[in-house]
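Student: So here's structure.pdb (PDB, C-alpha atoms).
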ATOM      1  CA  MET Q   1     -17.042 -72.911 -17.157
ATOM      2  CA  ASN Q   2     -13.862 -71.187 -16.083
ATOM      3  CA  THR Q   3     -10.813 -71.550 -18.265
ATOM      4  CA  LEU Q   4      -7.327 -71.498 -16.826
ATOM      5  CA  LEU Q   5      -4.723 -69.507 -18.654
ATOM      6  CA  ASP Q   6      -1.246 -70.624 -19.061
ATOM      7  CA  PRO Q   7       1.367 -68.366 -17.315
ATOM      8  CA  ALA Q   8       2.851 -67.398 -20.678
ATOM      9  CA  GLN Q   9      -0.585 -66.434 -22.015
ATOM     10  CA  GLU Q  10      -1.366 -64.506 -18.829
ATOM     11  CA  SER Q  11       1.871 -62.503 -19.063
ATOM     12  CA  SER Q  12       1.260 -61.716 -22.724
ATOM     13  CA  THR Q  13      -2.276 -60.589 -21.972
ATOM     14  CA  SER Q  14      -1.089 -58.256 -19.177
ATOM     15  CA  SER Q  15       1.653 -56.808 -21.389
ATOM     16  CA  VAL Q  16      -0.858 -56.083 -24.145
ATOM     17  CA  SER Q  17      -3.171 -54.371 -21.694
ATOM     18  CA  GLN Q  18      -0.311 -52.279 -20.340
ATOM     19  CA  SER Q  19       0.812 -51.260 -23.825
ATOM     20  CA  VAL Q  20      -2.571 -49.726 -24.673
ATOM     21  CA  PRO Q  21      -2.313 -46.016 -23.771
ATOM     22  CA  SER Q  22      -4.987 -44.680 -21.487
ATOM     23  CA  PRO Q  23      -6.771 -41.504 -22.596
ATOM     24  CA  ARG Q  24      -5.373 -38.356 -20.997
ATOM     25  CA  ARG Q  25      -7.729 -36.190 -19.040
ATOM     26  CA  PRO Q  26      -7.248 -32.424 -19.018
ATOM     27  CA  ALA Q  27      -7.302 -32.536 -15.237
ATOM     28  CA  GLY Q  28      -6.372 -29.000 -14.206
ATOM     29  CA  ARG Q  29      -7.084 -27.118 -17.425
ATOM     30  CA  LEU Q  30     -10.687 -26.088 -16.847
ATOM     31  CA  PRO Q  31     -10.205 -24.892 -13.237
ATOM     32  CA  ARG Q  32      -7.135 -22.958 -14.329
ATOM     33  CA  MET Q  33      -8.995 -21.296 -17.207
ATOM     34  CA  ALA Q  34     -11.824 -20.393 -14.844
ATOM     35  CA  LEU Q  35      -9.322 -18.869 -12.432
ATOM     36  CA  TYR Q  36      -7.722 -16.823 -15.222
ATOM     37  CA  ALA Q  37     -11.132 -15.618 -16.373
ATOM     38  CA  LEU Q  38     -11.992 -14.579 -12.816
ATOM     39  CA  LEU Q  39      -8.694 -12.683 -12.460
ATOM     40  CA  VAL Q  40      -9.202 -10.903 -15.785
ATOM     41  CA  ALA Q  41     -12.740  -9.917 -14.755
ATOM     42  CA  GLY Q  42     -11.429  -8.567 -11.447
ATOM     43  CA  ALA Q  43      -8.717  -6.577 -13.209
ATOM     44  CA  LEU Q  44     -11.235  -5.068 -15.627
ATOM     45  CA  GLU Q  45     -13.548  -4.182 -12.759
ATOM     46  CA  ALA Q  46     -10.676  -2.348 -11.042
ATOM     47  CA  LEU Q  47      -9.653  -0.536 -14.241
ATOM     48  CA  VAL Q  48     -13.105   0.724 -15.231
ATOM     49  CA  PRO Q  49     -13.287   3.487 -12.561
ATOM     50  CA  VAL Q  50      -9.736   4.613 -13.429
ATOM     51  CA  LEU Q  51     -10.555   4.792 -17.131
ATOM     52  CA  TRP Q  52     -13.779   6.656 -16.341
ATOM     53  CA  VAL Q  53     -11.885   9.256 -14.292
ATOM     54  CA  LEU Q  54      -9.321   9.650 -17.087
ATOM     55  CA  SER Q  55     -12.048  10.030 -19.696
ATOM     56  CA  GLY Q  56     -14.020  12.535 -17.619
ATOM     57  CA  SER Q  57     -10.928  14.637 -16.873
ATOM     58  CA  LEU Q  58     -10.402  15.198 -20.611
ATOM     59  CA  GLN Q  59     -13.972  16.189 -21.430
ATOM     60  CA  SER Q  60     -15.811  19.468 -21.280
ATOM     61  CA  ALA Q  61     -18.611  19.935 -18.777
ATOM     62  CA  LYS Q  62     -21.224  19.566 -21.513
ATOM     63  CA  GLN Q  63     -19.726  16.296 -22.766
ATOM     64  CA  LEU Q  64     -19.377  14.917 -19.250
ATOM     65  CA  TYR Q  65     -22.962  15.617 -18.219
ATOM     66  CA  LYS Q  66     -24.293  14.365 -21.547
ATOM     67  CA  GLY Q  67     -22.429  11.095 -21.047
ATOM     68  CA  THR Q  68     -22.967   9.688 -24.538
ATOM     69  CA  ASN Q  69     -19.354   9.220 -25.633
ATOM     70  CA  PRO Q  70     -16.622   7.880 -23.313
ATOM     71  CA  ILE Q  71     -13.912   9.050 -25.736
ATOM     72  CA  PRO Q  72     -13.352  12.833 -25.384
ATOM     73  CA  ARG Q  73     -13.632  14.846 -28.608
ATOM     74  CA  PRO Q  74     -11.669  17.049 -28.484
ATOM     75  CA  PHE Q  75      -9.324  16.383 -25.555
ATOM     76  CA  GLU Q  76      -9.663  19.164 -22.992
ATOM     77  CA  TRP Q  77      -6.072  19.282 -21.705
ATOM     78  CA  GLY Q  78      -6.796  22.682 -20.192
ATOM     79  CA  ASN Q  79      -8.703  20.962 -17.370
ATOM     80  CA  PHE Q  80      -5.406  19.944 -15.795
ATOM     81  CA  ALA Q  81      -4.013  23.478 -15.969
ATOM     82  CA  THR Q  82      -7.205  24.815 -14.396
ATOM     83  CA  ALA Q  83      -7.059  22.191 -11.660
ATOM     84  CA  TRP Q  84      -3.413  22.986 -10.924
ATOM     85  CA  ASN Q  85      -3.914  26.751 -10.748
ATOM     86  CA  GLU Q  86      -7.314  26.981  -9.060
ATOM     87  CA  GLY Q  87      -6.729  24.033  -6.755
ATOM     88  CA  GLY Q  88      -3.491  25.419  -5.340
ATOM     89  CA  PHE Q  89      -1.545  22.238  -6.064
ATOM     90  CA  SER Q  90       1.681  24.184  -6.449
ATOM     91  CA  GLN Q  91       1.414  24.759  -2.690
ATOM     92  CA  TYR Q  92      -0.320  21.619  -1.431
ATOM     93  CA  LEU Q  93       1.695  19.093  -3.459
ATOM     94  CA  PRO Q  94       5.087  20.039  -1.936
ATOM     95  CA  ASN Q  95       3.453  19.895   1.501
ATOM     96  CA  SER Q  96       2.317  16.315   0.963
ATOM     97  CA  LEU Q  97       5.697  15.313  -0.456
ATOM     98  CA  LEU Q  98       7.386  16.671   2.671
ATOM     99  CA  TYR Q  99       4.887  15.083   5.070
ATOM    100  CA  THR Q 100       5.021  11.710   3.321
ATOM    101  CA  ALA Q 101       8.822  11.546   3.121
ATOM    102  CA  ALA Q 102       9.365  12.654   6.735
ATOM    103  CA  ALA Q 103       6.617  10.451   8.209
ATOM    104  CA  VAL Q 104       7.631   7.325   6.278
ATOM    105  CA  LEU Q 105      11.286   7.807   7.191
ATOM    106  CA  GLY Q 106      10.442   8.208  10.874
ATOM    107  CA  ILE Q 107       8.159   5.159  10.813
ATOM    108  CA  LEU Q 108      10.815   3.003   9.142
ATOM    109  CA  VAL Q 109      13.496   3.935  11.669
ATOM    110  CA  ILE Q 110      11.347   3.426  14.766
ATOM    111  CA  ALA Q 111       9.446   0.364  13.481
ATOM    112  CA  SER Q 112      12.621  -1.456  12.420
ATOM    113  CA  LEU Q 113      14.304  -0.917  15.794
ATOM    114  CA  ALA Q 114      11.189  -1.735  17.814
ATOM    115  CA  GLY Q 115      10.330  -4.740  15.630
ATOM    116  CA  TYR Q 116      13.825  -6.166  16.027
ATOM    117  CA  ALA Q 117      13.724  -5.685  19.795
ATOM    118  CA  LEU Q 118      10.343  -7.433  20.065
ATOM    119  CA  ALA Q 119      11.520 -10.296  17.854
ATOM    120  CA  ARG Q 120      14.936 -10.970  19.377
ATOM    121  CA  ILE Q 121      15.283  -9.459  22.863
ATOM    122  CA  GLU Q 122      13.703 -11.229  25.829
ATOM    123  CA  PHE Q 123      12.468  -8.680  28.372
ATOM    124  CA  PRO Q 124       9.634  -8.552  30.901
ATOM    125  CA  GLY Q 125       6.385  -7.297  29.440
ATOM    126  CA  ARG Q 126       7.182  -8.070  25.819
ATOM    127  CA  GLY Q 127       3.821  -9.791  25.353
ATOM    128  CA  ALA Q 128       2.058  -6.804  26.903
ATOM    129  CA  VAL Q 129       3.750  -4.474  24.407
ATOM    130  CA  VAL Q 130       2.574  -6.619  21.491
ATOM    131  CA  ALA Q 131      -0.942  -6.683  22.941
ATOM    132  CA  ALA Q 132      -0.892  -2.899  23.331
ATOM    133  CA  LEU Q 133       0.079  -2.529  19.671
ATOM    134  CA  LEU Q 134      -2.827  -4.734  18.656
ATOM    135  CA  VAL Q 135      -5.225  -2.672  20.775
ATOM    136  CA  ALA Q 136      -3.864   0.540  19.236
ATOM    137  CA  MET Q 137      -4.664  -0.814  15.789
ATOM    138  CA  ILE Q 138      -8.284  -1.388  16.791
ATOM    139  CA  ILE Q 139      -8.872   2.172  18.004
ATOM    140  CA  PRO Q 140     -10.012   4.392  15.088
ATOM    141  CA  MET Q 141      -7.788   7.398  14.510
ATOM    142  CA  PRO Q 142     -10.566  10.050  14.702
ATOM    143  CA  ALA Q 143     -11.229   8.901  18.282
ATOM    144  CA  SER Q 144      -7.820  10.240  19.305
ATOM    145  CA  PHE Q 145      -8.023  13.632  17.574
ATOM    146  CA  ILE Q 146      -8.983  15.583  20.700
ATOM    147  CA  ALA Q 147      -6.234  14.018  22.822
ATOM    148  CA  GLN Q 148      -3.653  14.574  20.093
ATOM    149  CA  TYR Q 149      -4.682  18.203  19.612
ATOM    150  CA  LYS Q 150      -4.480  18.923  23.345
ATOM    151  CA  LEU Q 151      -1.065  17.282  23.514
ATOM    152  CA  LEU Q 152       0.213  19.363  20.587
ATOM    153  CA  ILE Q 153      -1.071  22.551  22.247
ATOM    154  CA  THR Q 154       0.735  21.579  25.469
ATOM    155  CA  LEU Q 155       3.977  20.973  23.558
ATOM    156  CA  GLY Q 156       3.606  24.145  21.508
ATOM    157  CA  LEU Q 157       3.397  22.165  18.264
ATOM    158  CA  ALA Q 158      -0.183  22.923  17.251
ATOM    159  CA  ASN Q 159      -0.607  24.221  13.686
ATOM    160  CA  THR Q 160       2.993  23.256  12.807
ATOM    161  CA  ARG Q 161       4.487  20.871  10.273
ATOM    162  CA  ILE Q 162       6.502  19.075  12.957
ATOM    163  CA  GLY Q 163       3.429  18.396  15.079
ATOM    164  CA  TYR Q 164       1.521  17.016  12.093
ATOM    165  CA  ILE Q 165       4.416  14.748  11.096
ATOM    166  CA  LEU Q 166       4.746  13.419  14.657
ATOM    167  CA  VAL Q 167       1.040  12.548  14.721
ATOM    168  CA  LEU Q 168       1.378  10.758  11.377
ATOM    169  CA  ILE Q 169       4.342   8.761  12.679
ATOM    170  CA  ALA Q 170       2.482   7.785  15.847
ATOM    171  CA  GLY Q 171      -0.529   6.644  13.831
ATOM    172  CA  GLY Q 172       1.492   4.438  11.518
ATOM    173  CA  LEU Q 173       3.724   2.766  14.103
ATOM    174  CA  PRO Q 174       1.516  -0.066  15.489
ATOM    175  CA  ILE Q 175       0.981  -2.010  12.259
ATOM    176  CA  SER Q 176       4.482  -1.193  11.017
ATOM    177  CA  ILE Q 177       6.126  -2.532  14.181
ATOM    178  CA  LEU Q 178       4.120  -5.750  13.978
ATOM    179  CA  ILE Q 179       5.052  -6.251  10.319
ATOM    180  CA  MET Q 180       8.750  -5.719  11.020
ATOM    181  CA  ARG Q 181       8.591  -7.913  14.139
ATOM    182  CA  GLY Q 182       7.194 -10.790  12.104
ATOM    183  CA  PHE Q 183       9.786 -10.263   9.400
ATOM    184  CA  PHE Q 184      12.721 -10.274  11.833
ATOM    185  CA  ALA Q 185      11.332 -13.309  13.645
ATOM    186  CA  SER Q 186      11.405 -15.257  10.369
ATOM    187  CA  GLN Q 187      15.139 -14.656   9.885
ATOM    188  CA  PRO Q 188      17.538 -17.435  11.013
ATOM    189  CA  ARG Q 189      19.287 -16.833  14.323
ATOM    190  CA  GLU Q 190      22.476 -18.435  13.031
ATOM    191  CA  LEU Q 191      23.429 -15.189  11.287
ATOM    192  CA  GLU Q 192      23.326 -13.251  14.540
ATOM    193  CA  GLU Q 193      25.144 -15.998  16.431
ATOM    194  CA  ALA Q 194      27.932 -15.996  13.854
ATOM    195  CA  ALA Q 195      28.193 -12.208  14.092
ATOM    196  CA  ALA Q 196      28.329 -12.387  17.891
ATOM    197  CA  ILE Q 197      31.184 -14.911  17.682
ATOM    198  CA  ASP Q 198      33.060 -12.453  15.462
ATOM    199  CA  GLY Q 199      32.660  -9.794  18.153
ATOM    200  CA  ALA Q 200      29.832  -7.725  16.636
ATOM    201  CA  SER Q 201      27.545  -5.863  19.026
ATOM    202  CA  LEU Q 202      23.756  -6.219  18.962
ATOM    203  CA  LEU Q 203      23.325  -2.856  17.237
ATOM    204  CA  GLY Q 204      26.146  -3.620  14.790
ATOM    205  CA  THR Q 205      24.570  -6.969  13.912
ATOM    206  CA  PHE Q 206      21.246  -5.277  13.334
ATOM    207  CA  TRP Q 207      22.703  -2.499  11.163
ATOM    208  CA  ARG Q 208      25.163  -4.526   9.061
ATOM    209  CA  ILE Q 209      23.479  -7.924   8.729
ATOM    210  CA  ILE Q 210      19.800  -7.981   9.670
ATOM    211  CA  LEU Q 211      18.622  -4.645   8.283
ATOM    212  CA  PRO Q 212      19.924  -5.271   4.721
ATOM    213  CA  LEU Q 213      18.017  -8.570   4.712
ATOM    214  CA  ALA Q 214      14.859  -6.724   5.776
ATOM    215  CA  LYS Q 215      14.570  -4.757   2.525
ATOM    216  CA  PRO Q 216      11.288  -6.424   1.397
ATOM    217  CA  GLY Q 217       9.684  -5.728   4.758
ATOM    218  CA  LEU Q 218      10.905  -2.131   4.793
ATOM    219  CA  VAL Q 219       9.563  -1.515   1.292
ATOM    220  CA  ALA Q 220       6.202  -3.059   2.183
ATOM    221  CA  VAL Q 221       5.898  -0.804   5.247
ATOM    222  CA  ALA Q 222       7.019   2.230   3.225
ATOM    223  CA  VAL Q 223       4.374   1.653   0.545
ATOM    224  CA  ILE Q 224       1.561   1.031   3.020
ATOM    225  CA  GLN Q 225       2.386   4.083   5.117
ATOM    226  CA  ALA Q 226       3.090   6.337   2.125
ATOM    227  CA  MET Q 227      -0.357   5.607   0.713
ATOM    228  CA  GLY Q 228      -1.966   6.293   4.079
ATOM    229  CA  VAL Q 229      -0.111   9.559   4.687
ATOM    230  CA  TRP Q 230      -0.626  10.802   1.136
ATOM    231  CA  ASN Q 231      -4.394  10.254   1.273
ATOM    232  CA  GLU Q 232      -4.792  11.747   4.754
ATOM    233  CA  TYR Q 233      -6.988  14.850   4.988
ATOM    234  CA  LEU Q 234      -9.188  14.752   8.089
ATOM    235  CA  MET Q 235      -6.320  14.966  10.555
ATOM    236  CA  GLY Q 236      -4.820  17.921   8.696
ATOM    237  CA  LEU Q 237      -8.201  19.633   8.764
ATOM    238  CA  VAL Q 238      -8.337  19.229  12.557
ATOM    239  CA  LEU Q 239      -4.734  20.094  13.395
ATOM    240  CA  PHE Q 240      -4.088  22.956  10.952
ATOM    241  CA  ASN Q 241      -5.506  26.436  11.201
ATOM    242  CA  ASP Q 242      -3.326  27.737   8.374
ATOM    243  CA  SER Q 243      -4.562  26.591   4.950
ATOM    244  CA  SER Q 244      -1.069  26.922   3.462
ATOM    245  CA  LEU Q 245       0.086  23.959   5.602
ATOM    246  CA  MET Q 246      -2.629  21.586   4.381
ATOM    247  CA  PRO Q 247      -1.812  18.424   2.376
ATOM    248  CA  VAL Q 248      -2.677  17.835  -1.268
ATOM    249  CA  GLN Q 249      -6.146  16.474  -0.521
ATOM    250  CA  ARG Q 250      -7.102  20.001   0.522
ATOM    251  CA  GLY Q 251      -6.881  21.082  -3.122
ATOM    252  CA  LEU Q 252      -9.648  18.675  -4.108
ATOM    253  CA  THR Q 253     -12.163  20.398  -1.841
ATOM    254  CA  ASN Q 254     -11.824  23.612  -3.869
ATOM    255  CA  PHE Q 255     -13.913  22.014  -6.616
ATOM    256  CA  VAL Q 256     -16.618  20.497  -4.431
ATOM    257  CA  SER Q 257     -19.403  23.066  -4.567
ATOM    258  CA  ALA Q 258     -23.127  22.789  -5.047
ATOM    259  CA  ASP Q 259     -23.329  26.286  -6.549
ATOM    260  CA  SER Q 260     -20.826  25.864  -9.378
ATOM    261  CA  PRO Q 261     -20.071  22.157  -9.886
ATOM    262  CA  GLN Q 262     -16.925  21.501 -11.901
ATOM    263  CA  GLN Q 263     -16.832  17.737 -12.073
ATOM    264  CA  GLN Q 264     -14.408  17.587 -15.013
ATOM    265  CA  ILE Q 265     -11.937  19.822 -13.120
ATOM    266  CA  LEU Q 266     -12.383  17.717  -9.987
ATOM    267  CA  LEU Q 267     -11.550  14.564 -11.955
ATOM    268  CA  ALA Q 268      -8.432  16.208 -13.394
ATOM    269  CA  ALA Q 269      -7.403  17.344  -9.916
ATOM    270  CA  SER Q 270      -7.912  13.805  -8.593
ATOM    271  CA  LEU Q 271      -5.527  12.441 -11.209
ATOM    272  CA  ILE Q 272      -2.940  15.060 -10.272
ATOM    273  CA  ALA Q 273      -3.325  14.146  -6.590
ATOM    274  CA  VAL Q 274      -2.915  10.385  -7.057
ATOM    275  CA  LEU Q 275      -0.173  10.412  -9.722
ATOM    276  CA  PRO Q 276       2.856  10.615  -7.353
ATOM    277  CA  ILE Q 277       1.674   7.785  -5.107
ATOM    278  CA  VAL Q 278       0.767   5.628  -8.123
ATOM    279  CA  ILE Q 279       4.293   6.069  -9.503
ATOM    280  CA  PHE Q 280       5.786   5.175  -6.121
ATOM    281  CA  TYR Q 281       3.573   2.090  -5.852
ATOM    282  CA  ALA Q 282       4.462   0.953  -9.382
ATOM    283  CA  VAL Q 283       8.172   1.196  -8.601
ATOM    284  CA  ALA Q 284       7.981  -0.657  -5.287
ATOM    285  CA  GLN Q 285       5.076  -3.053  -5.817
ATOM    286  CA  ARG Q 286       7.247  -6.115  -6.500
ATOM    287  CA  HIS Q 287       8.511  -5.987  -2.903
ATOM    288  CA  ILE Q 288       5.097  -5.692  -1.269
ATOM    289  CA  ILE Q 289       3.943  -9.317  -1.457
ATOM    290  CA  SER Q 290       7.293 -10.716  -0.369
ATOM    291  CA  GLY Q 291       7.514  -8.249   2.501
ATOM    292  CA  LEU Q 292       4.023  -8.926   3.808
ATOM    293  CA  SER Q 293       4.281 -12.699   3.387
ATOM    294  CA  ALA Q 294       7.592 -12.733   5.240
ATOM    295  CA  GLY Q 295       6.348 -10.386   7.936
ATOM    296  CA  ALA Q 296       2.708  -9.852   8.768
ATOM    297  CA  LEU Q 297       1.565 -13.326   7.713
ATOM    298  CA  LYS Q 298       4.146 -15.169   9.811
TER     299      LYS Q 298
END
Rewrite the coordinates I just gave you, this time as structure tokens.
Tutor:
Amino acid sequence: MNTLLDPAQESSTSSVSQSVPSPRRPAGRLPRMALYALLVAGALEALVPVLWVLSGSLQSAKQLYKGTNPIPRPFEWGNFATAWNEGGFSQYLPNSLLYTAAAVLGILVIASLAGYALARIEFPGRGAVVAALLVAMIIPMPASFIAQYKLLITLGLANTRIGYILVLIAGGLPISILIMRGFFASQPRELEEAAAIDGASLLGTFWRIILPLAKPGLVAVAVIQAMGVWNEYLMGLVLFNDSSLMPVQRGLTNFVSADSPQQQILLAASLIAVLPIVIFYAVAQRHIISGLSAGALK
């Protein structure tokens, strides 16, 4: 038999039920902990090869081949001196510093101007230019070695630093232009319209207003291209006949020999070769994500 509650009793019953606190559920805690655990595992997986290279570079050949103790005893600091002297890094390292600085600077200047033009200036064939840049990114660089070498011979730039730098700039332009184009396209047009009302020219607006705002994109392009130029070896091997013009990666090949393997010296030389670019990446890494998210992902 159903009983009817009085309105006062019904309101008191509902207030009592509302006053009882409901148990809290740790809704996002477990997924978040799982995500953190996955990130920590990924970081450890990335650090293990680096730590192994560091450990092997400080061991003797006997310790390295025995492989029983990851901690060197004693520390063989002389491996780095041997790698520097026998690998010719005093010659190759300045070469790579010059090539990287010149190529990155050239890429930044051309990519920023071309990216701004593709993002803001309406001209016939703009879509075809963007499509050509995409096609150029698909073509592997070794496929163009013969054409590039013939062109350098025709221009009298074969086996020269200038010719090598120009090839590096040409190889890095397609992706850099697209990144800068996306970054400039994400900027509000109101800034340029206000500058035009004040009498600024298109180039003046770009130089004084737009380019300072493009710092994250410029840094992202600089880091990407610096890493690519610094690690480049195959193109230098094809274009250079003079060993004294080779980049720093050439020094690593001095320790790759089946007759007299020197793995501990090779590991020390690898650390010397990557140290400058690691320092550069550590200084500029905070701009990379913002630059790519504002540019290439737009």
Student: Could you please determine the separation between atom CA of Pro142 of chain Q and atom CA of Leu234 of chain Q in Å, to one decimal place?
Tutor: 8.2 Å
Student: Which residues match the PyMOL selection byres ((chain Q and resi 270) around 12) in the file above, as a PyMOL selection string?
Tutor: chain Q and resi 50+53-54+56-57+79-80+83-84+87+89+231+248-256+263-269+271-278
Student: Go ahead and compute the interatomic distance for atom CA of Lys215 of chain Q and atom CA of Ile107 of chain Q, in Å to one decimal.
Tutor: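 Between atom CA of Lys215 of chain Q and atom CA of Ile107 of chain Q the gap is 14.4 Å.
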Student: Please report the interatomic distance between atom CA of Asp242 of chain Q and atom CA of Leu108 of chain Q in Å with one decimal.
Tutor: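 A separation of 28.5 Å between them.
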Student: Find the residue from Q:Ser144, Q:Thr205, Q:Asn95, Q:Ser176 that sits nearest to Ser244 of chain Q; use only C-alpha atoms when measuring.
Tutor: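 Looking at the shortest contact to Ser244 of chain Q, the residue is Q:Asn95.
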Student: Please determine, counting all atoms listed in the file, which residue among Q:Leu113, Q:Leu118, Q:Gln63, Q:Met235 has the shortest atom-to-atom distance to Ala143 of chain Q.
Tutor: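 Comparing Q:Leu113, Q:Leu118, Q:Gln63, Q:Met235 against Ala143 of chain Q, the winner is Q:Met235.
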Student: Take the PyMOL selection byres ((chain Q and resi 174) around 8), run it mentally on this structure, and tell me the resulting residues as a PyMOL selection string.
Tutor: chain Q and resi 133-134+136-137+170-173+175-178
Student: What would the file look like if the residues just selected were written as a compact mmCIF listing (two decimals), in the frame of the given file with C-alpha atoms?
Tutor:
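Ended up saving to selection21.txt:
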# COMPACT_ATOMS: atom_id res chain seq x y z
CA LEU Q 133 0.08 -2.53 19.67
CA LEU Q 134 -2.83 -4.73 18.66
CA ALA Q 136 -3.86 0.54 19.24
CA MET Q 137 -4.66 -0.81 15.79
CA ALA Q 170 2.48 7.78 15.85
CA GLY Q 171 -0.53 6.64 13.83
CA GLY Q 172 1.49 4.44 11.52
CA LEU Q 173 3.72 2.77 14.10
CA ILE Q 175 0.98 -2.01 12.26
CA SER Q 176 4.48 -1.19 11.02
CA ILE Q 177 6.13 -2.53 14.18
CA LEU Q 178 4.12 -5.75 13.98
Student: Compare Q:Gly199, Q:Gly106, Q:Gly163, Q:Gly156 by their minimum atom-to-atom distance to Leu239 of chain Q, counting only C-alpha atoms, and give me the closest one.
Tutor: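 Of all the options, Q:Gly163 lies closest to Leu239 of chain Q.
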Student: Once 6 Å is added on each side, what are the centre and the three edge lengths, in Å to one decimal, of the axis-aligned box enclosing the listed atoms of segment 144-154 of chain Q? Present them as AutoDock Vina command-line options.
Tutor:
--center_x -4.1 --center_y 16.4 --center_z 21.5 --size_x 21.7 --size_y 24.3 --size_z 19.9
Student: Check the smallest atom-to-atom distance from each of Q:Asn241, Q:Gln187, Q:Gln59, Q:Ser112 to Pro74 of chain Q using only C-alpha atoms, then report the winner.
Tutor: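 Of all the options, Q:Gln59 lies closest to Pro74 of chain Q.
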Student: Of the candidates Q:Ala220, Q:Leu38, Q:Val48, Q:Leu245, which one gets nearest to Val104 of chain Q if we count all atoms listed in the file?
Tutor: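 With all atoms listed in the file as the atom set, the closest residue is Q:Ala220.
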